[in-house]
Amino acid sequence: MKKKADGLKGKLTAYGDAGFSYFLRKSFTKSLGYHDDELARPVVGIANTGSGLVSCHGTVPQLIEAVKRGVTAAGGLPLDFPTISLGEPFLTPSSMLFRNLMAIDTEEMIRAHPMDAVVLIGGCDKTVPAQLMAAASVDIPAIALVTGPMMTGSYKGERLGACTDCRRMWGEHRGGRIDEDEIDEISGRLMPTSGTCMVMGTASTMACVTETLGMMLPGGAAIPAVHSDRLRNASATGAAAVAMIERGGPRPSEIITPAAITNALRVLLAIGGSTNGLIHLAAIAGRVGIEIDYEAFDRLGRETPVLVDLKPSGQHYMEDLNKAGGLAPILRELASLLDLDCRTVTGRTLGEELDAAAEPWPQEVVRPRDNPLCAEGGIAVLGGNLAPGGAIIKHSAVTPELLTHEGRAVVFDSIHDVDRRIDDPALDIKADDVLVLRNAGPKGAPGMPEAGYIPIPKKLAAQGVKDMVRISDARMSGTAFGTIVLHCAPEAAIGGPLALVQDGDRIRLDTPARRLDLLVSDEELEKRRAAWTPPAPHEGAERGWLAMHLAHVQQAEKGCDFDILAGKPSGKRAPI
Ligand code: FES
């Protein structure tokens, strides 16, 4: 080793006798069958997020073995440790309520254990952001490894992928065009392998964003979960972690800079990435004291075309992106808009890694900049009197005619209210109305679930209505399609203007002008504000994690991170 690593001698248990502490630790480690020379090696921790309740992480045991192989061959001692893990469809009310819990768990386990570097195995939506937030706060050499996307499925000759096609098929079922037996059969066809959702949902978005940030080995984002390249990528990640210890870095704070965040935001737009990517990047940046400048982000969107033809904005899937060369062709197209001097986990710059990537070949997944999928980036930031703290719309995945729309508000007071009334035949609703959902934000829901994709009322779905303008303070799955305004801030539960909307009010969405307005006079709104009372407290809100969440969670523009976990403000902003 060129640099001295602390290895197992680091971070000793506090007995007041350092010699005894190390003696005891060594003795216990020997009980696992290690030799003295192994115990003298630098330690690479491996965050083990395998769980029977996280189907997207089904391959984690094989990945851990492959990482260990890479670490051992490079002269390190690999030791895996468990952290909590979050499977998007397995948690109530939403995995987002627990992202910060996973971030705290991961951060404190890294901080408290003897490790010189850490490999973070994540995949499902909230896991990678939680791990990057943790790594940024602990600031030891850290490298991300994702489980990788699933392969696509097929049903009666039609190619299917999670979860854009899950939602589309369910919409057809709700509209009465697919019956019970058929939808049951389809549930066995949508996800034929382990891995993360194979469209450009949040998991794929965060994988691409993490590679762009420089926190993952180049080429690691798009390799399918069950491809042998994924195992080779895992062992290379283990070896890279040892190399980081030898070089003494770079540490996350040296990688996650305003320029790197700007690159990541640029790629988020160009891939037509999940709106959740913006929230997670805000939280990751916040851990190193960098604030997101949303006006600048919107400007970035206006000059960044969507290049990646993947569902839900386009037609392909992640395995196609992998065959097209993964992230490299995207970065190559964007090269003149990126800061290629940003450092990566390899110790080399993004530009050096791009130069070393395989030569491009003809492909149809990543478009050239002069023939983009959409001229503007996938996400627009809206202002207006319904979103004074901002709102966003993924305008690459909407019905274009609805981007500018005025309609009558039909208001739902909570997610339960949607559940209860959306399919009520007596619901007074027309196709050109605007669906409003409130009290579904970080505190209101709580945990800001992916409820912004309000289902089209059954009676309208049966008439063939596939999209309507929908507005909420919730999030939405990155796999969803529709004219859906999200993250309205401040949220209704803390008195944001969404709380003041009444059935029958007129609402105007003007995406080109970046405005979302409630067409009600200021005097009337003042009257309603004076009469507003906050929603009743959540059950169980007085204790435990929920009490901590409600006391400390910040709004969407701060990435919904806890105020007590955010980094010291540096005065730096991104994008630059
Ligand atoms: Fe895990 Fe989609 S549910 S990535």
# chains A, B, ... in the order shown; residues from 1 in each chain; ligands from 1
>>> residues_around(residues="range 385-402 of chain A", least_positions_apart="2", cutoff="8 Å", atoms="only C-alpha atoms", output="MDAnalysis selection string")
chainID A and resid 272 274:275 306 312:313 374 377:383 404:405 467:469 480:490 496:498 516:518 557
>>> write_last_selection(atoms="N, CA, C and O atoms", output="CSV table (one decimal), in the first residue's frame")
chain,number,residue,atom,x,y,z
A,272,GLY,N,-34.3,12.3,-20.1
A,272,GLY,CA,-35.8,12.3,-19.8
A,272,GLY,C,-36.0,11.6,-18.5
A,272,GLY,O,-36.9,10.8,-18.3
A,274,SER,N,-36.3,10.7,-14.3
A,274,SER,CA,-37.4,10.8,-13.3
A,274,SER,C,-37.4,12.1,-12.6
A,274,SER,O,-36.3,12.6,-12.2
A,275,THR,N,-38.6,12.7,-12.3
A,275,THR,CA,-38.6,13.9,-11.5
A,275,THR,C,-38.1,13.7,-10.1
A,275,THR,O,-37.6,14.6,-9.5
A,306,VAL,N,-33.8,16.3,-24.9
A,306,VAL,CA,-33.9,14.9,-24.5
A,306,VAL,C,-33.3,14.0,-25.6
A,306,VAL,O,-33.8,14.1,-26.8
A,312,PRO,N,-40.4,6.2,-20.1
A,312,PRO,CA,-41.7,6.5,-20.6
A,312,PRO,C,-41.7,7.6,-21.6
A,312,PRO,O,-42.7,7.9,-22.2
A,313,SER,N,-40.6,8.4,-21.8
A,313,SER,CA,-40.6,9.4,-22.8
A,313,SER,C,-40.6,8.9,-24.2
A,313,SER,O,-41.1,9.4,-25.2
A,374,CYS,N,-36.9,15.3,-27.8
A,374,CYS,CA,-37.6,16.5,-27.5
A,374,CYS,C,-36.5,17.6,-27.6
A,374,CYS,O,-35.4,17.4,-27.1
A,377,GLY,N,-35.2,19.8,-22.4
A,377,GLY,CA,-35.0,18.8,-21.4
A,377,GLY,C,-36.3,18.3,-20.8
A,377,GLY,O,-37.4,19.0,-20.9
A,378,GLY,N,-36.3,17.2,-20.2
A,378,GLY,CA,-37.5,16.5,-19.7
A,378,GLY,C,-38.3,17.2,-18.6
A,378,GLY,O,-39.4,16.9,-18.5
A,379,ILE,N,-37.7,18.1,-17.9
A,379,ILE,CA,-38.3,18.6,-16.7
A,379,ILE,C,-38.4,20.1,-16.7
A,379,ILE,O,-37.3,20.8,-17.0
A,380,ALA,N,-39.6,20.7,-16.5
A,380,ALA,CA,-39.7,22.1,-16.4
A,380,ALA,C,-40.1,22.5,-15.0
A,380,ALA,O,-40.8,21.8,-14.3
A,381,VAL,N,-39.6,23.7,-14.6
A,381,VAL,CA,-39.9,24.2,-13.2
A,381,VAL,C,-41.0,25.3,-13.4
A,381,VAL,O,-40.8,26.2,-14.2
A,382,LEU,N,-42.1,25.1,-12.7
A,382,LEU,CA,-43.2,26.1,-12.8
A,382,LEU,C,-43.3,27.0,-11.6
A,382,LEU,O,-42.9,26.6,-10.5
A,383,GLY,N,-43.7,28.2,-11.8
A,383,GLY,CA,-44.0,29.1,-10.7
A,383,GLY,C,-45.5,29.4,-10.8
A,383,GLY,O,-46.3,28.6,-11.3
A,404,THR,N,-50.7,23.4,-22.3
A,404,THR,CA,-51.3,24.6,-22.0
A,404,THR,C,-52.8,24.3,-21.9
A,404,THR,O,-53.4,23.8,-22.8
A,405,HIS,N,-53.4,24.5,-20.7
A,405,HIS,CA,-54.7,24.0,-20.4
A,405,HIS,C,-55.4,24.8,-19.3
A,405,HIS,O,-54.7,25.2,-18.3
A,467,ASP,N,-55.4,10.7,-20.5
A,467,ASP,CA,-54.6,11.7,-19.8
A,467,ASP,C,-55.5,12.9,-19.4
A,467,ASP,O,-56.5,13.3,-20.1
A,468,MET,N,-55.2,13.5,-18.3
A,468,MET,CA,-55.8,14.7,-17.8
A,468,MET,C,-54.8,15.5,-17.1
A,468,MET,O,-53.8,15.0,-16.6
A,469,VAL,N,-54.9,16.8,-16.9
A,469,VAL,CA,-54.0,17.6,-16.1
A,469,VAL,C,-54.3,17.2,-14.6
A,469,VAL,O,-55.4,17.3,-14.2
A,480,ALA,N,-43.9,6.8,-14.9
A,480,ALA,CA,-45.3,7.2,-15.3
A,480,ALA,C,-45.3,8.2,-16.4
A,480,ALA,O,-44.3,8.9,-16.7
A,481,PHE,N,-46.4,8.2,-17.1
A,481,PHE,CA,-46.6,9.1,-18.3
A,481,PHE,C,-47.9,9.9,-18.0
A,481,PHE,O,-48.9,9.3,-17.5
A,482,GLY,N,-47.9,11.2,-18.3
A,482,GLY,CA,-49.1,12.0,-18.1
A,482,GLY,C,-48.8,13.4,-17.9
A,482,GLY,O,-47.7,13.8,-17.5
A,483,THR,N,-49.8,14.3,-18.0
A,483,THR,CA,-49.7,15.7,-17.8
A,483,THR,C,-49.8,16.0,-16.3
A,483,THR,O,-50.9,16.3,-15.9
A,484,ILE,N,-48.8,15.8,-15.6
A,484,ILE,CA,-48.8,15.7,-14.2
A,484,ILE,C,-47.9,16.7,-13.5
A,484,ILE,O,-46.7,16.7,-13.7
A,485,VAL,N,-48.5,17.7,-12.8
A,485,VAL,CA,-47.7,18.7,-12.1
A,485,VAL,C,-47.4,18.2,-10.7
A,485,VAL,O,-48.4,17.8,-10.0
A,486,LEU,N,-46.2,18.2,-10.3
A,486,LEU,CA,-45.8,17.6,-9.0
A,486,LEU,C,-45.1,18.6,-8.1
A,486,LEU,O,-44.6,19.6,-8.5
A,487,HIS,N,-44.9,18.2,-6.8
A,487,HIS,CA,-44.0,18.8,-5.9
A,487,HIS,C,-44.5,20.3,-5.6
A,487,HIS,O,-43.6,21.1,-5.3
A,488,CYS,N,-45.7,20.6,-5.7
A,488,CYS,CA,-46.2,22.0,-5.5
A,488,CYS,C,-45.7,22.4,-4.1
A,488,CYS,O,-46.1,21.7,-3.1
A,489,ALA,N,-45.0,23.5,-4.0
A,489,ALA,CA,-44.5,23.9,-2.7
A,489,ALA,C,-44.8,25.4,-2.5
A,489,ALA,O,-44.9,26.2,-3.4
A,490,PRO,N,-45.0,25.7,-1.2
A,490,PRO,CA,-45.1,24.8,-0.1
A,490,PRO,C,-46.3,23.9,-0.1
A,490,PRO,O,-47.3,24.2,-0.7
A,496,GLY,N,-49.7,25.7,2.2
A,496,GLY,CA,-49.4,26.2,0.8
A,496,GLY,C,-50.7,26.4,0.1
A,496,GLY,O,-51.8,25.9,0.5
A,497,PRO,N,-50.6,27.2,-1.0
A,497,PRO,CA,-51.9,27.6,-1.7
A,497,PRO,C,-52.7,26.4,-2.2
A,497,PRO,O,-53.9,26.6,-2.4
A,498,LEU,N,-52.1,25.3,-2.4
A,498,LEU,CA,-52.9,24.1,-2.8
A,498,LEU,C,-54.1,23.9,-1.8
A,498,LEU,O,-55.1,23.3,-2.2
A,516,LEU,N,-48.4,28.1,-13.2
A,516,LEU,CA,-49.5,27.3,-12.7
A,516,LEU,C,-50.3,28.2,-11.8
A,516,LEU,O,-49.8,28.6,-10.7
A,517,ASP,N,-51.5,28.6,-12.3
A,517,ASP,CA,-52.2,29.6,-11.5
A,517,ASP,C,-53.7,29.2,-11.2
A,517,ASP,O,-54.3,28.6,-12.0
A,518,LEU,N,-54.1,29.6,-10.0
A,518,LEU,CA,-55.4,29.5,-9.5
A,518,LEU,C,-56.1,30.8,-9.9
A,518,LEU,O,-55.7,31.8,-9.4
A,557,GLU,N,-37.8,21.3,-2.4
A,557,GLU,CA,-36.7,22.1,-3.0
A,557,GLU,C,-35.4,21.8,-2.3
A,557,GLU,O,-34.3,22.0,-2.8
>>> residues_around(residues="Leu403 in chain A", least_positions_apart="6", cutoff="7 Å", atoms="only C-alpha atoms", output="list of chain:residue names")
A:Leu509, A:Asp510, A:Thr511
>>> write_last_selection(atoms="C-alpha atoms", output="short mmCIF file (atom, residue, chain, number, x, y, z; two decimals), in the first residue's frame")
data_model
loop_
_atom_site.label_atom_id
_atom_site.label_comp_id
_atom_site.auth_asym_id
_atom_site.auth_seq_id
_atom_site.Cartn_x
_atom_site.Cartn_y
_atom_site.Cartn_z
CA LEU A 509 -51.43 25.49 -16.62
CA ASP A 510 -49.15 27.31 -19.04
CA THR A 511 -46.02 25.18 -19.37
#
>>> closest_residue(among="A:Ala234, A:Cys163, A:Leu63, A:Leu120", to="ligand 1", atoms="only C-alpha atoms and all ligand atoms")
A:Cys163
>>> residues_near_ligand(ligand="ligand 1", cutoff="6 Å", atoms="only C-alpha atoms and all ligand atoms", output="list in words")
Cys56, Gly87, Glu88, Pro89, Cys124, Asp125, Thr196, Cys197 and Ala203 of chain A
>>> closest_residue(among="A:Leu435, A:Ala357, A:Val44, A:Ile256", to="Val242 in chain A", atoms="only C-alpha atoms")
A:Val44
>>> select_by_dssp(residues="range 391-522 of chain A", states="alpha helix (DSSP H)", output="PDB file with N, CA and C atoms, in the first residue's frame")
ATOM      1  N   ILE A 415     -54.819  11.251  -0.152  1.00  0.00           N
ATOM      2  CA  ILE A 415     -54.712  10.053  -0.991  1.00  0.00           C
ATOM      3  C   ILE A 415     -55.903   9.123  -0.718  1.00  0.00           C
ATOM      4  N   HIS A 416     -56.320   9.053   0.551  1.00  0.00           N
ATOM      5  CA  HIS A 416     -57.478   8.200   0.881  1.00  0.00           C
ATOM      6  C   HIS A 416     -58.741   8.710   0.196  1.00  0.00           C
ATOM      7  N   ASP A 417     -58.827  10.038   0.101  1.00  0.00           N
ATOM      8  CA  ASP A 417     -59.979  10.644  -0.558  1.00  0.00           C
ATOM      9  C   ASP A 417     -60.001  10.244  -2.044  1.00  0.00           C
ATOM     10  N   VAL A 418     -58.822  10.184  -2.668  1.00  0.00           N
ATOM     11  CA  VAL A 418     -58.756   9.728  -4.066  1.00  0.00           C
ATOM     12  C   VAL A 418     -59.263   8.292  -4.136  1.00  0.00           C
ATOM     13  N   ASP A 419     -58.697   7.454  -3.274  1.00  0.00           N
ATOM     14  CA  ASP A 419     -59.083   6.048  -3.210  1.00  0.00           C
ATOM     15  C   ASP A 419     -60.592   5.875  -3.115  1.00  0.00           C
ATOM     16  N   ARG A 420     -61.165   6.700  -2.238  1.00  0.00           N
ATOM     17  CA  ARG A 420     -62.579   6.583  -1.907  1.00  0.00           C
ATOM     18  C   ARG A 420     -63.490   7.063  -3.039  1.00  0.00           C
ATOM     19  N   ARG A 421     -63.118   8.154  -3.720  1.00  0.00           N
ATOM     20  CA  ARG A 421     -64.087   8.812  -4.608  1.00  0.00           C
ATOM     21  C   ARG A 421     -63.778   8.781  -6.099  1.00  0.00           C
ATOM     22  N   LYS A 458     -62.599   5.993 -13.501  1.00  0.00           N
ATOM     23  CA  LYS A 458     -63.011   4.839 -14.306  1.00  0.00           C
ATOM     24  C   LYS A 458     -64.003   5.215 -15.402  1.00  0.00           C
ATOM     25  N   LYS A 459     -64.963   6.091 -15.043  1.00  0.00           N
ATOM     26  CA  LYS A 459     -65.997   6.377 -16.057  1.00  0.00           C
ATOM     27  C   LYS A 459     -65.410   7.142 -17.241  1.00  0.00           C
ATOM     28  N   LEU A 460     -64.335   7.940 -16.993  1.00  0.00           N
ATOM     29  CA  LEU A 460     -63.688   8.630 -18.118  1.00  0.00           C
ATOM     30  C   LEU A 460     -62.757   7.670 -18.857  1.00  0.00           C
ATOM     31  N   ALA A 461     -62.062   6.794 -18.089  1.00  0.00           N
ATOM     32  CA  ALA A 461     -61.172   5.808 -18.723  1.00  0.00           C
ATOM     33  C   ALA A 461     -61.975   4.930 -19.677  1.00  0.00           C
ATOM     34  N   ASP A 522     -57.155  37.670  -5.242  1.00  0.00           N
ATOM     35  CA  ASP A 522     -56.321  37.697  -4.030  1.00  0.00           C
ATOM     36  C   ASP A 522     -57.185  37.867  -2.782  1.00  0.00           C
TER      37      ASP A 522
END
>>> residues_around(residues="Leu331 in chain A", least_positions_apart="3", cutoff="10 Å", atoms="only C-alpha atoms", output="CSV table (one decimal) with N, CA and C atoms, in the first residue's frame")
chain,number,residue,atom,x,y,z
A,212,THR,N,-22.6,9.8,-13.9
A,212,THR,CA,-22.3,11.1,-14.4
A,212,THR,C,-21.6,11.9,-13.3
A,263,ASN,N,-23.4,18.8,-14.1
A,263,ASN,CA,-23.3,17.7,-15.1
A,263,ASN,C,-24.5,16.7,-14.9
A,266,ARG,N,-27.7,18.1,-15.9
A,266,ARG,CA,-27.8,18.1,-17.4
A,266,ARG,C,-28.2,16.7,-17.9
A,267,VAL,N,-27.5,15.7,-17.4
A,267,VAL,CA,-27.8,14.3,-17.9
A,267,VAL,C,-29.2,13.9,-17.5
A,270,ALA,N,-31.3,15.3,-20.1
A,270,ALA,CA,-31.1,14.7,-21.4
A,270,ALA,C,-31.6,13.2,-21.5
A,326,GLY,N,-24.4,2.3,-23.3
A,326,GLY,CA,-24.6,2.8,-21.9
A,326,GLY,C,-24.6,4.3,-21.9
A,327,LEU,N,-23.9,4.9,-20.8
A,327,LEU,CA,-24.0,6.3,-20.7
A,327,LEU,C,-23.0,7.0,-21.6
A,328,ALA,N,-22.0,6.3,-22.1
A,328,ALA,CA,-20.9,7.0,-22.9
A,328,ALA,C,-21.5,7.7,-24.1
A,334,LEU,N,-23.3,15.2,-25.2
A,334,LEU,CA,-23.5,16.4,-24.4
A,334,LEU,C,-22.1,17.0,-24.1
A,335,ALA,N,-21.0,16.4,-24.6
A,335,ALA,CA,-19.7,16.8,-24.1
A,335,ALA,C,-19.4,18.3,-24.1
A,336,SER,N,-19.9,19.0,-25.1
A,336,SER,CA,-19.6,20.4,-25.1
A,336,SER,C,-20.4,21.2,-24.1
A,337,LEU,N,-21.4,20.5,-23.5
A,337,LEU,CA,-22.2,21.2,-22.4
A,337,LEU,C,-21.8,20.8,-21.0
A,338,LEU,N,-20.8,19.8,-21.0
A,338,LEU,CA,-20.4,19.3,-19.7
A,338,LEU,C,-19.1,19.8,-19.2
A,340,LEU,N,-15.9,18.5,-18.2
A,340,LEU,CA,-15.2,17.2,-18.3
A,340,LEU,C,-14.0,17.1,-17.4
A,350,LEU,N,-13.9,12.9,-15.8
A,350,LEU,CA,-14.9,12.5,-16.7
A,350,LEU,C,-14.5,12.5,-18.1
A,351,GLY,N,-13.8,13.5,-18.5
A,351,GLY,CA,-13.3,13.6,-19.9
A,351,GLY,C,-12.3,12.5,-20.2
A,354,LEU,N,-14.2,9.3,-20.7
A,354,LEU,CA,-14.9,9.4,-22.0
A,354,LEU,C,-14.0,9.0,-23.1
>>> closest_residue(among="A:Pro141, A:Gly277, A:Gly175, A:Pro305", to="Pro129 in chain A", atoms="only C-alpha atoms")
A:Gly277
>>> atom_distance(atom1="CA of Ser472 in chain A", atom2="CA of Gly567 in chain A")
28.7 Å
>>> residues_around(residues="Pro372 in chain A", least_positions_apart="2", cutoff="9 Å", atoms="only C-alpha atoms", output="list in words")
Pro305, Val306, Leu307, Val308, Asp309, Val366, Arg367, Pro368, Arg369, Asp370, Cys374, Ala375 and Glu376 of chain A
>>> residues_around(residues="Val43 in chain A", least_positions_apart="5", cutoff="6 Å", atoms="only C-alpha atoms", output="PDB file with all heavy atoms, in the first residue's frame")
ATOM      1  N   GLY A   7      -7.234   0.186   8.425  1.00  0.00           N
ATOM      2  CA  GLY A   7      -7.720  -1.186   8.479  1.00  0.00           C
ATOM      3  C   GLY A   7      -8.480  -1.449   9.757  1.00  0.00           C
ATOM      4  O   GLY A   7      -9.200  -0.580  10.272  1.00  0.00           O
ATOM      5  N   GLY A  76      -7.019  -6.010  -0.545  1.00  0.00           N
ATOM      6  CA  GLY A  76      -7.814  -5.486   0.564  1.00  0.00           C
ATOM      7  C   GLY A  76      -8.539  -6.587   1.313  1.00  0.00           C
ATOM      8  O   GLY A  76      -8.521  -7.759   0.913  1.00  0.00           O
ATOM      9  N   LEU A  77      -9.156  -6.202   2.414  1.00  0.00           N
ATOM     10  CA  LEU A  77      -9.980  -7.133   3.193  1.00  0.00           C
ATOM     11  C   LEU A  77     -11.434  -6.686   3.059  1.00  0.00           C
ATOM     12  O   LEU A  77     -11.821  -5.624   3.568  1.00  0.00           O
ATOM     13  CB  LEU A  77      -9.550  -7.092   4.668  1.00  0.00           C
ATOM     14  CG  LEU A  77     -10.424  -7.895   5.642  1.00  0.00           C
ATOM     15  CD1 LEU A  77     -10.395  -9.393   5.326  1.00  0.00           C
ATOM     16  CD2 LEU A  77      -9.972  -7.651   7.090  1.00  0.00           C
ATOM     17  N   PRO A  78     -12.257  -7.467   2.332  1.00  0.00           N
ATOM     18  CA  PRO A  78     -13.661  -7.062   2.157  1.00  0.00           C
ATOM     19  C   PRO A  78     -14.530  -7.542   3.316  1.00  0.00           C
ATOM     20  O   PRO A  78     -14.499  -8.723   3.666  1.00  0.00           O
ATOM     21  CB  PRO A  78     -14.052  -7.788   0.864  1.00  0.00           C
ATOM     22  CG  PRO A  78     -13.181  -9.011   0.815  1.00  0.00           C
ATOM     23  CD  PRO A  78     -11.917  -8.708   1.597  1.00  0.00           C
ATOM     24  N   MET A 115     -13.474   0.905   8.475  1.00  0.00           N
ATOM     25  CA  MET A 115     -13.361   0.686   7.029  1.00  0.00           C
ATOM     26  C   MET A 115     -12.645   1.882   6.406  1.00  0.00           C
ATOM     27  O   MET A 115     -12.849   3.023   6.811  1.00  0.00           O
ATOM     28  CB  MET A 115     -14.718   0.390   6.375  1.00  0.00           C
ATOM     29  CG  MET A 115     -15.781   1.422   6.517  1.00  0.00           C
ATOM     30  SD  MET A 115     -17.368   0.874   5.779  1.00  0.00           S
ATOM     31  CE  MET A 115     -18.102  -0.061   7.128  1.00  0.00           C
ATOM     32  N   ASP A 116     -11.798   1.571   5.421  1.00  0.00           N
ATOM     33  CA  ASP A 116     -11.013   2.622   4.768  1.00  0.00           C
ATOM     34  C   ASP A 116     -11.702   3.126   3.507  1.00  0.00           C
ATOM     35  O   ASP A 116     -11.378   4.203   3.005  1.00  0.00           O
ATOM     36  CB  ASP A 116      -9.626   2.071   4.423  1.00  0.00           C
ATOM     37  CG  ASP A 116      -8.906   1.578   5.676  1.00  0.00           C
ATOM     38  OD1 ASP A 116      -8.580   2.417   6.533  1.00  0.00           O
ATOM     39  OD2 ASP A 116      -8.710   0.345   5.829  1.00  0.00           O
TER      40      ASP A 116
END
>>> closest_atom_pairs(of="range 252-369 of chain A", to="range 148-159 of chain A", cutoff="10 Å", atoms="only C-alpha atoms", output="CSV")
residue,atom,partner,partner_atom,distance
A:His316,CA,A:Arg159,CA,9.7
A:Tyr317,CA,A:Thr152,CA,7.4
A:Met318,CA,A:Pro149,CA,6.5
A:Glu319,CA,A:Met151,CA,6.5
A:Asp320,CA,A:Met151,CA,9.6
A:Asn322,CA,A:Pro149,CA,9.8
